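First comes the structure, then the notes that go with it.
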Amino acid sequence: MFKQHNIITAVELGTSKICVLIGEYSEDGLAVIGFGEASSGDGMLKGEILSMEAVQEKLTEALDAADNMSGQELNNSSLVVMSVTGCDMGSFVGEGTAFVQNENGTVGDEEMAEAVRNSKHKQLPFDRRQIGSFDAYYKLDGVRRVPYPINQQASTLQVYSHVIHGDKNRLENFSTALDYCGIGFEPEFIFSPLADMFGVLSEDELENGALLIDLGAGTTEYAVVYQNGVLASGVLALGFDHVISDLSVGLNLPAAACRKLINDGTLEQFIRENQSHLQCRTIGGANRKIPVDSFTRIIDARLREIFELIRKQLYKESFWRNLSAGCVLTGGGSEFFLTREIFRQVCDLPSRIGKPLDVVGSDELFHPRYSTVFGALRFGQKLCQLNESRRGSSFWDGLRSKISGLGDAFSRTSRPFRKNRKM
């Protein structure tokens with residue numbers, strides 16, 4: 001009898017890094033069995049592919065490392081999930097209705113499935129592609145908003161879905177990069193902040209309402225979740241690399257030196273010890289004493305701008321009242337020691353740093369910079385398990401929200417086969 005492989009692969013093409021995870025799942029949970037990472041170099045910027053050749057080279061490197069660590073399990077993957085950002089991402093709220101016509105007069109799986117299907121039927125422009133649909137909330141008889149409509153009495157069920165779409169050609173570039181590396185079928189895309197949700201949010205946060213912010217190198221993504229439904233998501237073309245660039249330009253310092261001062265903790269130490277000046281070598285090579293306050297003012301201005309843009313957007317859409325669980329900050333920029341305090345000053349919300357939850361198999365992943373790729377892996381696990389169960393009635397384990405389009409996702413895919421790399 002052939003061995004049953006429950007293998008999934010997750011891929012993240014980020015501004016600073018390219019990551020690949022290979023996971024194996026069972027009834028006992030999900031374990032990471034392969035991990036590969038490579039610097040993006042000059043291949044990526046703000047979620048866009050700048051150099052296909054550079055991305056293909058680095059992606060091949062990361063895939064090979066993960067495949068070797070897993071014992072060559074990549075070819076046994078039943079699904080490849082790829083997180084995406086940038087790509088001119090957009091969203092709309094879809095509304096779908098189903099009439100309750102069964103003998104009991106209660107909402108069942110059939111009504112739920114029909115309403116979900118109807119909620120995402122919106123004609124997009126020819127240059128757009130829908131990549132995901134997540135239930136936002138439900139109404140019974142057009143009046144009662146409920147978190148779990150199954151088995152409730154009603155005449156009609158309305159489902160409101162948060163539907164994600166992106167630029168078709170830009171998304172196709174991601175598929176092309178993967179195909180070059182020998183993965184011979186279409187990946188399942190997921191918008192990066194929604195992948196983060198699977199990776200770092202607790203059940204209480206999903207239920208009670210939370211804002212998730214992923215402060216990456218080239219972009220900052222955000223999402224709002226309430227009662228296990230996705231209410232909003234978006235991406236800003238601003239990230240922590242802009243903090244580095246601001247310091248470099250404003251203080252006439254090499255960008256590499258600014259990044260090192262932050263990453264090795266030197267700047268934090270000087271600020272905490274109330275040091276007045278920091279000795280630095282300028283772009284021209286001269287030694288110069290720079291006031292520590294100059295660093296903090298520049299950093300504060302850029303991070304404050306990012307958080308203010310998100311705050312204004314969510315206030316405009318009236319989502320702020322649904323954030324009882326506060327905010328989860330993740331991504332590499334979240335660990336800078338001033339980030340949480342600046343966020344608190346701008347948004348007046350409690351926050352925590354989000355790291356991948358319940359990781360088994362790789363201690364290296366317990367870091368906010370891996371929230372997206374781990375969340376993509378967990379998303380793939382849920383998709384595969386729902387497809388196997390043929391029920392489609394659970395979203396997260398133990399929760400009763402739903403994810404739309406599962407049948408469509410799996411009709412597009414087949415078992416990947418890593419062919420010889422294209423020349």
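By order of appearance in the structure tokens: chains A, B, ..., then residues from 1 within every chain, and ligands from 1 in the order shown.
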
Among segment 117-332 of chain A, which residues does DSSP mark as alpha helix (DSSP H) when it is run on the backbone? Keep the chain and numbering as in the structure and answer as a ChimeraX atom specification.
/A:117-119,168-180,192-200,203-208,240-251,255-263,266-272,292-316

For segment 211-272 of chain A against segment 28-52 of chain A, with a cut-off of 9 Å and counting only C-alpha atoms, what is the closest atom pair and its distance in Å to one decimal for every residue that makes the cut, ordered by chain and number, as a tab-separated table?
residue	atom	partner	partner_atom	distance
A:Ala217	CA	A:Lys46	CA	8.0
A:Gly218	CA	A:Lys46	CA	4.5
A:Thr219	CA	A:Lys46	CA	5.4
A:Leu236	CA	A:Lys46	CA	8.9
A:Ala237	CA	A:Lys46	CA	6.1
A:Leu238	CA	A:Lys46	CA	7.8
A:Gly239	CA	A:Lys46	CA	8.3

Go ahead and dump the residues you just picked, all heavy atoms, as a JSON list (two decimals), in the first residue's frame.
[["chain", "number", "residue", "atom", "x", "y", "z"],
["A", 217, "ALA", "N", 9.18, 44.94, 5.53],
["A", 217, "ALA", "CA", 10.27, 45.78, 5.04],
["A", 217, "ALA", "C", 9.76, 46.80, 4.03],
["A", 217, "ALA", "O", 10.02, 48.00, 4.15],
["A", 217, "ALA", "CB", 11.37, 44.93, 4.44],
["A", 218, "GLY", "N", 9.01, 46.34, 3.00],
["A", 218, "GLY", "CA", 8.59, 47.23, 1.93],
["A", 218, "GLY", "C", 7.15, 47.66, 2.00],
["A", 218, "GLY", "O", 6.76, 48.66, 1.40],
["A", 219, "THR", "N", 6.31, 46.91, 2.71],
["A", 219, "THR", "CA", 4.89, 47.22, 2.81],
["A", 219, "THR", "C", 4.40, 47.00, 4.24],
["A", 219, "THR", "O", 5.05, 46.32, 5.04],
["A", 219, "THR", "CB", 4.04, 46.33, 1.88],
["A", 219, "THR", "OG1", 4.25, 44.95, 2.23],
["A", 219, "THR", "CG2", 4.40, 46.55, 0.43],
["A", 236, "LEU", "N", -0.37, 49.16, 2.64],
["A", 236, "LEU", "CA", 0.27, 50.45, 2.39],
["A", 236, "LEU", "C", 1.63, 50.20, 1.76],
["A", 236, "LEU", "O", 2.34, 49.28, 2.16],
["A", 236, "LEU", "CB", 0.47, 51.22, 3.70],
["A", 236, "LEU", "CG", -0.77, 51.48, 4.56],
["A", 236, "LEU", "CD1", -0.35, 52.22, 5.84],
["A", 236, "LEU", "CD2", -1.82, 52.27, 3.81],
["A", 237, "ALA", "N", 1.99, 51.04, 0.80],
["A", 237, "ALA", "CA", 3.30, 50.91, 0.16],
["A", 237, "ALA", "C", 4.37, 51.59, 0.99],
["A", 237, "ALA", "O", 5.24, 52.31, 0.50],
["A", 237, "ALA", "CB", 3.25, 51.50, -1.24],
["A", 238, "LEU", "N", 4.31, 51.34, 2.29],
["A", 238, "LEU", "CA", 5.27, 51.88, 3.26],
["A", 238, "LEU", "C", 5.64, 50.76, 4.22],
["A", 238, "LEU", "O", 4.76, 50.02, 4.68],
["A", 238, "LEU", "CB", 4.67, 53.05, 4.05],
["A", 238, "LEU", "CG", 4.28, 54.32, 3.30],
["A", 238, "LEU", "CD1", 3.49, 55.24, 4.21],
["A", 238, "LEU", "CD2", 5.53, 55.02, 2.78],
["A", 239, "GLY", "N", 6.91, 50.64, 4.54],
["A", 239, "GLY", "CA", 7.35, 49.62, 5.47],
["A", 239, "GLY", "C", 8.55, 50.10, 6.27],
["A", 239, "GLY", "O", 8.93, 51.27, 6.22]]

Determine, for each residue of segment 282-327 of chain A having at least one atom at most 8 Å from an atom of segment 349-357 of chain A, the closest pair of atoms and their separation in Å to one decimal, counting only C-alpha atoms; order by chain and ascending number, as JSON lines.
{"residue": "A:Ala325", "atom": "CA", "partner": "A:Pro350", "partner_atom": "CA", "distance": 7.9}
{"residue": "A:Gly326", "atom": "CA", "partner": "A:Pro350", "partner_atom": "CA", "distance": 5.1}
{"residue": "A:Cys327", "atom": "CA", "partner": "A:Ser351", "partner_atom": "CA", "distance": 4.5}

When you look at segment 151-164 of chain A with a cut-off of 9 Å (counting only C-alpha atoms), what residues show up, excluding the ones that are within fewer than 4 positions of it in the same chain? I need them as a VMD selection string.
chain A and resid 89 to 101 104 to 108 111 to 112 115 to 116 118 to 120 129 to 142 190 to 191 229 to 233 404

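Closest approach to Ser77 of chain A among A:Gly23, A:Gly234, A:Pro254, A:Pro125 is made by A:Gly23 (distances from only C-alpha atoms).
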